[in-house]
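Text of run.pdb (PDB, N, CA, C and O atoms) as supplied:
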```pdb
ATOM      1  N   MET A   1    -107.060   2.356 -43.735
ATOM      2  CA  MET A   1    -107.007   2.434 -45.179
ATOM      3  C   MET A   1    -105.952   3.423 -45.666
ATOM      4  O   MET A   1    -105.330   3.202 -46.664
ATOM      5  N   GLU A   2    -105.800   4.524 -44.972
ATOM      6  CA  GLU A   2    -104.863   5.539 -45.398
ATOM      7  C   GLU A   2    -103.436   4.999 -45.455
ATOM      8  O   GLU A   2    -102.680   5.318 -46.344
ATOM      9  N   GLU A   3    -103.057   4.165 -44.488
ATOM     10  CA  GLU A   3    -101.718   3.587 -44.466
ATOM     11  C   GLU A   3    -101.469   2.738 -45.693
ATOM     12  O   GLU A   3    -100.396   2.761 -46.257
ATOM     13  N   ALA A   4    -102.467   1.978 -46.115
ATOM     14  CA  ALA A   4    -102.310   1.105 -47.275
ATOM     15  C   ALA A   4    -102.034   1.920 -48.536
ATOM     16  O   ALA A   4    -101.278   1.506 -49.384
ATOM     17  N   ARG A   5    -102.636   3.093 -48.626
ATOM     18  CA  ARG A   5    -102.424   3.933 -49.809
ATOM     19  C   ARG A   5    -101.021   4.533 -49.830
ATOM     20  O   ARG A   5    -100.425   4.674 -50.874
ATOM     21  N   SER A   6    -100.507   4.900 -48.682
ATOM     22  CA  SER A   6     -99.208   5.561 -48.646
ATOM     23  C   SER A   6     -98.046   4.573 -48.734
ATOM     24  O   SER A   6     -96.925   4.974 -48.983
ATOM     25  N   LYS A   7     -98.320   3.309 -48.533
ATOM     26  CA  LYS A   7     -97.272   2.291 -48.582
ATOM     27  C   LYS A   7     -96.989   1.908 -50.035
ATOM     28  O   LYS A   7     -97.902   1.558 -50.778
ATOM     29  N   PRO A   8     -95.741   1.981 -50.461
ATOM     30  CA  PRO A   8     -95.405   1.621 -51.842
ATOM     31  C   PRO A   8     -95.724   0.155 -52.149
ATOM     32  O   PRO A   8     -95.723  -0.695 -51.259
ATOM     33  N   VAL A   9     -95.973  -0.123 -53.412
ATOM     34  CA  VAL A   9     -96.261  -1.485 -53.865
ATOM     35  C   VAL A   9     -95.027  -2.360 -53.623
ATOM     36  O   VAL A   9     -93.896  -1.938 -53.880
ATOM     37  N   CYS A  10     -95.233  -3.544 -53.109
ATOM     38  CA  CYS A  10     -94.158  -4.501 -52.810
ATOM     39  C   CYS A  10     -93.113  -3.880 -51.865
ATOM     40  O   CYS A  10     -91.914  -4.132 -51.991
ATOM     41  N   ALA A  11     -93.597  -3.078 -50.927
ATOM     42  CA  ALA A  11     -92.718  -2.327 -50.022
ATOM     43  C   ALA A  11     -91.899  -3.218 -49.095
ATOM     44  O   ALA A  11     -90.847  -2.801 -48.629
ATOM     45  N   GLU A  12     -92.357  -4.395 -48.813
ATOM     46  CA  GLU A  12     -91.595  -5.309 -47.960
ATOM     47  C   GLU A  12     -90.690  -6.216 -48.794
ATOM     48  O   GLU A  12     -89.551  -6.480 -48.416
ATOM     49  N   GLU A  13     -91.205  -6.680 -49.911
ATOM     50  CA  GLU A  13     -90.485  -7.652 -50.726
ATOM     51  C   GLU A  13     -89.207  -7.095 -51.343
ATOM     52  O   GLU A  13     -88.170  -7.771 -51.333
ATOM     53  N   ALA A  14     -89.270  -5.894 -51.881
ATOM     54  CA  ALA A  14     -88.095  -5.316 -52.556
ATOM     55  C   ALA A  14     -86.925  -5.093 -51.595
ATOM     56  O   ALA A  14     -85.812  -5.553 -51.868
ATOM     57  N   PRO A  15     -87.117  -4.417 -50.444
ATOM     58  CA  PRO A  15     -85.987  -4.236 -49.535
ATOM     59  C   PRO A  15     -85.495  -5.555 -48.927
ATOM     60  O   PRO A  15     -84.304  -5.694 -48.656
ATOM     61  N   ASP A  16     -86.406  -6.511 -48.741
ATOM     62  CA  ASP A  16     -85.971  -7.818 -48.230
ATOM     63  C   ASP A  16     -84.954  -8.446 -49.170
ATOM     64  O   ASP A  16     -83.922  -8.964 -48.737
ATOM     65  N   LEU A  17     -85.230  -8.385 -50.470
ATOM     66  CA  LEU A  17     -84.307  -8.943 -51.455
ATOM     67  C   LEU A  17     -82.995  -8.158 -51.480
ATOM     68  O   LEU A  17     -81.908  -8.742 -51.480
ATOM     69  N   LEU A  18     -83.076  -6.844 -51.481
ATOM     70  CA  LEU A  18     -81.862  -6.016 -51.505
ATOM     71  C   LEU A  18     -81.004  -6.265 -50.272
ATOM     72  O   LEU A  18     -79.780  -6.368 -50.363
ATOM     73  N   ASN A  19     -81.629  -6.373 -49.113
ATOM     74  CA  ASN A  19     -80.876  -6.641 -47.890
ATOM     75  C   ASN A  19     -80.254  -8.033 -47.916
ATOM     76  O   ASN A  19     -79.149  -8.227 -47.411
ATOM     77  N   CYS A  20     -80.943  -8.979 -48.531
ATOM     78  CA  CYS A  20     -80.403 -10.333 -48.638
ATOM     79  C   CYS A  20     -79.113 -10.342 -49.448
ATOM     80  O   CYS A  20     -78.116 -10.934 -49.034
ATOM     81  N   VAL A  21     -79.117  -9.665 -50.581
ATOM     82  CA  VAL A  21     -77.907  -9.676 -51.416
ATOM     83  C   VAL A  21     -76.775  -8.880 -50.786
ATOM     84  O   VAL A  21     -75.608  -9.094 -51.108
ATOM     85  N   ALA A  22     -77.101  -7.986 -49.872
ATOM     86  CA  ALA A  22     -76.068  -7.186 -49.201
ATOM     87  C   ALA A  22     -75.452  -7.918 -48.006
ATOM     88  O   ALA A  22     -74.400  -7.518 -47.517
ATOM     89  N   GLN A  23     -76.110  -8.965 -47.545
ATOM     90  CA  GLN A  23     -75.628  -9.682 -46.360
ATOM     91  C   GLN A  23     -74.370 -10.483 -46.647
ATOM     92  O   GLN A  23     -74.142 -10.945 -47.759
ATOM     93  N   SER A  24     -73.571 -10.603 -45.606
ATOM     94  CA  SER A  24     -72.385 -11.451 -45.685
ATOM     95  C   SER A  24     -72.398 -12.367 -44.473
ATOM     96  O   SER A  24     -72.530 -11.883 -43.351
ATOM     97  N   PRO A  25     -72.364 -13.647 -44.658
ATOM     98  CA  PRO A  25     -72.201 -14.367 -45.923
ATOM     99  C   PRO A  25     -73.487 -14.339 -46.755
ATOM    100  O   PRO A  25     -74.583 -14.250 -46.221
ATOM    101  N   TYR A  26     -73.304 -14.416 -48.044
ATOM    102  CA  TYR A  26     -74.395 -14.389 -49.006
ATOM    103  C   TYR A  26     -75.082 -15.745 -49.045
ATOM    104  O   TYR A  26     -74.444 -16.778 -49.235
ATOM    105  N   ASP A  27     -76.400 -15.753 -48.835
ATOM    106  CA  ASP A  27     -77.195 -16.979 -48.857
ATOM    107  C   ASP A  27     -78.006 -16.997 -50.157
ATOM    108  O   ASP A  27     -79.098 -16.438 -50.236
ATOM    109  N   GLN A  28     -77.441 -17.623 -51.174
ATOM    110  CA  GLN A  28     -78.055 -17.606 -52.500
ATOM    111  C   GLN A  28     -79.452 -18.223 -52.494
ATOM    112  O   GLN A  28     -80.370 -17.692 -53.124
ATOM    113  N   ASP A  29     -79.633 -19.333 -51.796
ATOM    114  CA  ASP A  29     -80.945 -19.992 -51.774
ATOM    115  C   ASP A  29     -82.013 -19.063 -51.187
ATOM    116  O   ASP A  29     -83.120 -18.954 -51.709
ATOM    117  N   LYS A  30     -81.678 -18.390 -50.099
ATOM    118  CA  LYS A  30     -82.610 -17.456 -49.466
ATOM    119  C   LYS A  30     -82.936 -16.308 -50.419
ATOM    120  O   LYS A  30     -84.101 -15.926 -50.569
ATOM    121  N   CYS A  31     -81.918 -15.775 -51.075
ATOM    122  CA  CYS A  31     -82.125 -14.650 -51.987
ATOM    123  C   CYS A  31     -82.956 -15.052 -53.200
ATOM    124  O   CYS A  31     -83.792 -14.268 -53.666
ATOM    125  N   VAL A  32     -82.773 -16.250 -53.687
ATOM    126  CA  VAL A  32     -83.573 -16.728 -54.816
ATOM    127  C   VAL A  32     -85.036 -16.844 -54.399
ATOM    128  O   VAL A  32     -85.939 -16.449 -55.145
ATOM    129  N   ARG A  33     -85.279 -17.340 -53.185
ATOM    130  CA  ARG A  33     -86.664 -17.421 -52.682
ATOM    131  C   ARG A  33     -87.269 -16.017 -52.581
ATOM    132  O   ARG A  33     -88.424 -15.809 -52.967
ATOM    133  N   LEU A  34     -86.497 -15.067 -52.070
ATOM    134  CA  LEU A  34     -86.996 -13.693 -51.946
ATOM    135  C   LEU A  34     -87.227 -13.064 -53.313
ATOM    136  O   LEU A  34     -88.176 -12.287 -53.495
ATOM    137  N   LEU A  35     -86.389 -13.402 -54.289
ATOM    138  CA  LEU A  35     -86.582 -12.928 -55.654
ATOM    139  C   LEU A  35     -87.902 -13.456 -56.212
ATOM    140  O   LEU A  35     -88.668 -12.715 -56.849
ATOM    141  N   GLN A  36     -88.200 -14.716 -55.960
ATOM    142  CA  GLN A  36     -89.447 -15.304 -56.439
ATOM    143  C   GLN A  36     -90.656 -14.649 -55.776
ATOM    144  O   GLN A  36     -91.672 -14.402 -56.436
ATOM    145  N   VAL A  37     -90.536 -14.332 -54.503
ATOM    146  CA  VAL A  37     -91.614 -13.646 -53.790
ATOM    147  C   VAL A  37     -91.835 -12.253 -54.383
ATOM    148  O   VAL A  37     -92.977 -11.844 -54.631
ATOM    149  N   LEU A  38     -90.756 -11.536 -54.633
ATOM    150  CA  LEU A  38     -90.861 -10.207 -55.237
ATOM    151  C   LEU A  38     -91.466 -10.303 -56.634
ATOM    152  O   LEU A  38     -92.319  -9.495 -57.007
ATOM    153  N   ARG A  39     -91.040 -11.282 -57.405
ATOM    154  CA  ARG A  39     -91.568 -11.456 -58.766
ATOM    155  C   ARG A  39     -93.074 -11.697 -58.733
ATOM    156  O   ARG A  39     -93.820 -11.124 -59.530
ATOM    157  N   GLN A  40     -93.540 -12.519 -57.800
ATOM    158  CA  GLN A  40     -94.976 -12.769 -57.678
ATOM    159  C   GLN A  40     -95.720 -11.482 -57.321
ATOM    160  O   GLN A  40     -96.784 -11.208 -57.867
ATOM    161  N   CYS A  41     -95.164 -10.699 -56.419
ATOM    162  CA  CYS A  41     -95.778  -9.421 -56.047
ATOM    163  C   CYS A  41     -95.876  -8.504 -57.266
ATOM    164  O   CYS A  41     -96.916  -7.895 -57.514
ATOM    165  N   VAL A  42     -94.794  -8.426 -58.023
ATOM    166  CA  VAL A  42     -94.757  -7.573 -59.211
ATOM    167  C   VAL A  42     -95.821  -8.009 -60.218
ATOM    168  O   VAL A  42     -96.526  -7.175 -60.794
ATOM    169  N   LEU A  43     -95.959  -9.300 -60.412
ATOM    170  CA  LEU A  43     -96.957  -9.803 -61.362
ATOM    171  C   LEU A  43     -98.377  -9.538 -60.873
ATOM    172  O   LEU A  43     -99.235  -9.099 -61.644
ATOM    173  N   ILE A  44     -98.617  -9.784 -59.599
ATOM    174  CA  ILE A  44     -99.963  -9.597 -59.035
ATOM    175  C   ILE A  44    -100.360  -8.126 -59.043
ATOM    176  O   ILE A  44    -101.477  -7.775 -59.411
ATOM    177  N   LYS A  45     -99.434  -7.254 -58.658
ATOM    178  CA  LYS A  45     -99.732  -5.823 -58.561
ATOM    179  C   LYS A  45     -99.496  -5.076 -59.881
ATOM    180  O   LYS A  45     -99.730  -3.879 -59.961
ATOM    181  N   LYS A  46     -98.996  -5.796 -60.890
ATOM    182  CA  LYS A  46     -98.744  -5.231 -62.224
ATOM    183  C   LYS A  46     -97.802  -4.029 -62.168
ATOM    184  O   LYS A  46     -98.043  -2.983 -62.760
ATOM    185  N   VAL A  47     -96.699  -4.202 -61.459
ATOM    186  CA  VAL A  47     -95.691  -3.152 -61.321
ATOM    187  C   VAL A  47     -94.928  -3.023 -62.632
ATOM    188  O   VAL A  47     -94.495  -4.016 -63.210
ATOM    189  N   LYS A  48     -94.748  -1.802 -63.086
ATOM    190  CA  LYS A  48     -93.991  -1.544 -64.314
ATOM    191  C   LYS A  48     -92.577  -1.074 -64.008
ATOM    192  O   LYS A  48     -91.647  -1.345 -64.753
ATOM    193  N   LYS A  49     -92.412  -0.317 -62.910
ATOM    194  CA  LYS A  49     -91.115   0.270 -62.607
ATOM    195  C   LYS A  49     -91.037   0.598 -61.114
ATOM    196  O   LYS A  49     -92.016   1.027 -60.518
ATOM    197  N   PHE A  50     -89.856   0.427 -60.537
ATOM    198  CA  PHE A  50     -89.621   0.798 -59.146
ATOM    199  C   PHE A  50     -88.847   2.110 -59.096
ATOM    200  O   PHE A  50     -88.064   2.422 -59.992
ATOM    201  N   SER A  51     -89.040   2.844 -58.019
ATOM    202  CA  SER A  51     -88.286   4.069 -57.791
ATOM    203  C   SER A  51     -87.905   4.134 -56.322
ATOM    204  O   SER A  51     -88.726   3.868 -55.452
ATOM    205  N   LEU A  52     -86.656   4.482 -56.051
ATOM    206  CA  LEU A  52     -86.191   4.605 -54.672
ATOM    207  C   LEU A  52     -86.088   6.067 -54.243
ATOM    208  O   LEU A  52     -85.594   6.361 -53.165
ATOM    209  N   THR A  53     -86.574   6.977 -55.039
ATOM    210  CA  THR A  53     -86.432   8.407 -54.775
ATOM    211  C   THR A  53     -86.981   8.805 -53.418
ATOM    212  O   THR A  53     -86.298   9.460 -52.641
ATOM    213  N   ASP A  54     -88.199   8.406 -53.089
ATOM    214  CA  ASP A  54     -88.797   8.764 -51.800
ATOM    215  C   ASP A  54     -88.001   8.187 -50.652
ATOM    216  O   ASP A  54     -87.765   8.851 -49.646
ATOM    217  N   GLN A  55     -87.560   6.958 -50.780
ATOM    218  CA  GLN A  55     -86.788   6.310 -49.721
ATOM    219  C   GLN A  55     -85.457   7.024 -49.524
ATOM    220  O   GLN A  55     -85.034   7.265 -48.406
ATOM    221  N   GLU A  56     -84.788   7.389 -50.610
ATOM    222  CA  GLU A  56     -83.512   8.087 -50.504
ATOM    223  C   GLU A  56     -83.693   9.429 -49.807
ATOM    224  O   GLU A  56     -82.880   9.820 -48.980
ATOM    225  N   GLN A  57     -84.776  10.119 -50.113
ATOM    226  CA  GLN A  57     -85.036  11.419 -49.498
ATOM    227  C   GLN A  57     -85.307  11.244 -48.000
ATOM    228  O   GLN A  57     -84.808  12.013 -47.182
ATOM    229  N   GLN A  58     -86.067  10.221 -47.617
ATOM    230  CA  GLN A  58     -86.347   9.961 -46.210
ATOM    231  C   GLN A  58     -85.072   9.616 -45.458
ATOM    232  O   GLN A  58     -84.854  10.081 -44.345
ATOM    233  N   GLU A  59     -84.208   8.799 -46.080
ATOM    234  CA  GLU A  59     -82.955   8.423 -45.437
ATOM    235  C   GLU A  59     -82.055   9.641 -45.270
ATOM    236  O   GLU A  59     -81.418   9.813 -44.237
ATOM    237  N   ALA A  60     -82.015  10.513 -46.247
ATOM    238  CA  ALA A  60     -81.202  11.720 -46.157
ATOM    239  C   ALA A  60     -81.712  12.610 -45.027
ATOM    240  O   ALA A  60     -80.931  13.188 -44.277
ATOM    241  N   ASN A  61     -83.015  12.702 -44.904
ATOM    242  CA  ASN A  61     -83.587  13.503 -43.831
ATOM    243  C   ASN A  61     -83.256  12.927 -42.465
ATOM    244  O   ASN A  61     -82.936  13.666 -41.542
ATOM    245  N   SER A  62     -83.319  11.611 -42.327
ATOM    246  CA  SER A  62     -83.013  11.007 -41.027
ATOM    247  C   SER A  62     -81.538  11.148 -40.690
ATOM    248  O   SER A  62     -81.172  11.343 -39.530
ATOM    249  N   VAL A  63     -80.665  11.098 -41.667
ATOM    250  CA  VAL A  63     -79.230  11.275 -41.443
ATOM    251  C   VAL A  63     -78.941  12.714 -41.009
ATOM    252  O   VAL A  63     -78.180  12.949 -40.073
ATOM    253  N   SER A  64     -79.575  13.669 -41.671
ATOM    254  CA  SER A  64     -79.323  15.075 -41.329
ATOM    255  C   SER A  64     -79.870  15.410 -39.944
ATOM    256  O   SER A  64     -79.309  16.234 -39.242
ATOM    257  N   LYS A  65     -80.925  14.752 -39.511
ATOM    258  CA  LYS A  65     -81.492  14.974 -38.182
ATOM    259  C   LYS A  65     -80.554  14.417 -37.100
ATOM    260  O   LYS A  65     -80.476  14.943 -36.010
ATOM    261  N   LYS A  66     -79.862  13.323 -37.417
ATOM    262  CA  LYS A  66     -78.946  12.701 -36.457
ATOM    263  C   LYS A  66     -77.674  13.537 -36.267
ATOM    264  O   LYS A  66     -77.057  13.514 -35.225
ATOM    265  N   ALA A  67     -77.286  14.256 -37.306
ATOM    266  CA  ALA A  67     -76.024  15.026 -37.269
ATOM    267  C   ALA A  67     -76.110  16.228 -36.372
ATOM    268  O   ALA A  67     -77.036  16.681 -35.889
TER
END
```

What would you get if you wrote out this structure as structure tokens?
Amino acid sequence: MEEARSKPVCAEEAPDLLNCVAQSPYDQDKCVRLLQVLRQCVLIKKVKKFSLTDQEQQEANSVSKKA
């Protein structure tokens, strides 16, 4: 149960969509499907706003540890 609480809402769907649009070659059909999946998650979980602050801080920490 503790893991479920610490995991951000739509934690898989949002990065999946972002990674899709960053890929080359760009697969529009795949990205549209992922957008629809994210939209359904947002509606079901009643998300009002996303924030990447925690993720950015974690990434910065992992980069500084590698250096």

Ground truth for the PyMOL selection byres (((chain A and resi 13 and name CA) around 10) and name CA), written as a ChimeraX atom specification: /A:9-12,14-18,34-42

Pairwise distance for atom O of Lys7 in chain A and CA of Asn19 in chain A, rounded to one decimal in Å: 19.1 Å

Please, what distance in Å, to one decimal, runs between atom N of Pro8 in chain A and atom C of Val47 in chain A?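 Computed distance, atom N of Pro8 in chain A to atom C of Val47 in chain A, equals 13.2 Å.
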
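Atom pair CA of Val32 in chain A / atom C of Cys20 in chain A: separated by 9.5 Å.
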
Export range 9-27 of chain A, N, CA, C and O atoms, as a short mmCIF file (atom, residue, chain, number, x, y, z; two decimals), in the first residue's frame; it's the structure right above.
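Contents of part14.cif, freshly written:
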```cif
data_model
loop_
_atom_site.label_atom_id
_atom_site.label_comp_id
_atom_site.auth_asym_id
_atom_site.auth_seq_id
_atom_site.Cartn_x
_atom_site.Cartn_y
_atom_site.Cartn_z
N VAL A 9 0.10 10.28 -9.50
CA VAL A 9 -1.07 9.94 -10.31
C VAL A 9 -0.66 9.92 -11.79
O VAL A 9 0.07 10.80 -12.25
N CYS A 10 -1.10 8.92 -12.51
CA CYS A 10 -0.80 8.75 -13.94
C CYS A 10 0.72 8.72 -14.18
O CYS A 10 1.22 9.24 -15.18
N ALA A 11 1.44 8.11 -13.25
CA ALA A 11 2.91 8.09 -13.28
C ALA A 11 3.47 7.34 -14.48
O ALA A 11 4.60 7.61 -14.88
N GLU A 12 2.75 6.42 -15.02
CA GLU A 12 3.23 5.69 -16.20
C GLU A 12 2.77 6.36 -17.49
O GLU A 12 3.53 6.45 -18.46
N GLU A 13 1.54 6.83 -17.50
CA GLU A 13 0.95 7.38 -18.71
C GLU A 13 1.62 8.66 -19.18
O GLU A 13 1.87 8.82 -20.38
N ALA A 14 1.90 9.57 -18.27
CA ALA A 14 2.48 10.86 -18.65
C ALA A 14 3.87 10.71 -19.27
O ALA A 14 4.12 11.22 -20.37
N PRO A 15 4.82 10.00 -18.63
CA PRO A 15 6.14 9.85 -19.25
C PRO A 15 6.09 9.02 -20.54
O PRO A 15 6.88 9.27 -21.45
N ASP A 16 5.16 8.07 -20.62
CA ASP A 16 5.03 7.31 -21.87
C ASP A 16 4.72 8.23 -23.03
O ASP A 16 5.31 8.12 -24.11
N LEU A 17 3.80 9.17 -22.82
CA LEU A 17 3.44 10.12 -23.87
C LEU A 17 4.62 11.04 -24.19
O LEU A 17 4.95 11.27 -25.36
N LEU A 18 5.27 11.56 -23.17
CA LEU A 18 6.41 12.47 -23.39
C LEU A 18 7.53 11.76 -24.14
O LEU A 18 8.14 12.32 -25.05
N ASN A 19 7.81 10.52 -23.78
CA ASN A 19 8.86 9.77 -24.47
C ASN A 19 8.47 9.47 -25.91
O ASN A 19 9.32 9.47 -26.80
N CYS A 20 7.18 9.26 -26.14
CA CYS A 20 6.71 9.01 -27.51
C CYS A 20 6.97 10.21 -28.40
O CYS A 20 7.49 10.07 -29.51
N VAL A 21 6.64 11.39 -27.92
CA VAL A 21 6.84 12.58 -28.76
C VAL A 21 8.31 12.91 -28.94
O VAL A 21 8.68 13.59 -29.90
N ALA A 22 9.15 12.42 -28.05
CA ALA A 22 10.59 12.68 -28.16
C ALA A 22 11.29 11.70 -29.10
O ALA A 22 12.42 11.94 -29.51
N GLN A 23 10.63 10.60 -29.41
CA GLN A 23 11.25 9.57 -30.24
C GLN A 23 11.39 10.01 -31.69
O GLN A 23 10.60 10.80 -32.20
N SER A 24 12.43 9.48 -32.31
CA SER A 24 12.62 9.71 -33.74
C SER A 24 12.87 8.35 -34.38
O SER A 24 13.73 7.61 -33.92
N PRO A 25 12.09 7.97 -35.35
CA PRO A 25 11.03 8.74 -36.00
C PRO A 25 9.78 8.85 -35.12
O PRO A 25 9.51 7.98 -34.30
N TYR A 26 9.07 9.92 -35.32
CA TYR A 26 7.85 10.22 -34.57
C TYR A 26 6.70 9.37 -35.10
O TYR A 26 6.41 9.37 -36.29
N ASP A 27 6.05 8.63 -34.20
CA ASP A 27 4.92 7.78 -34.56
C ASP A 27 3.64 8.44 -34.04
O ASP A 27 3.25 8.26 -32.89
#
```
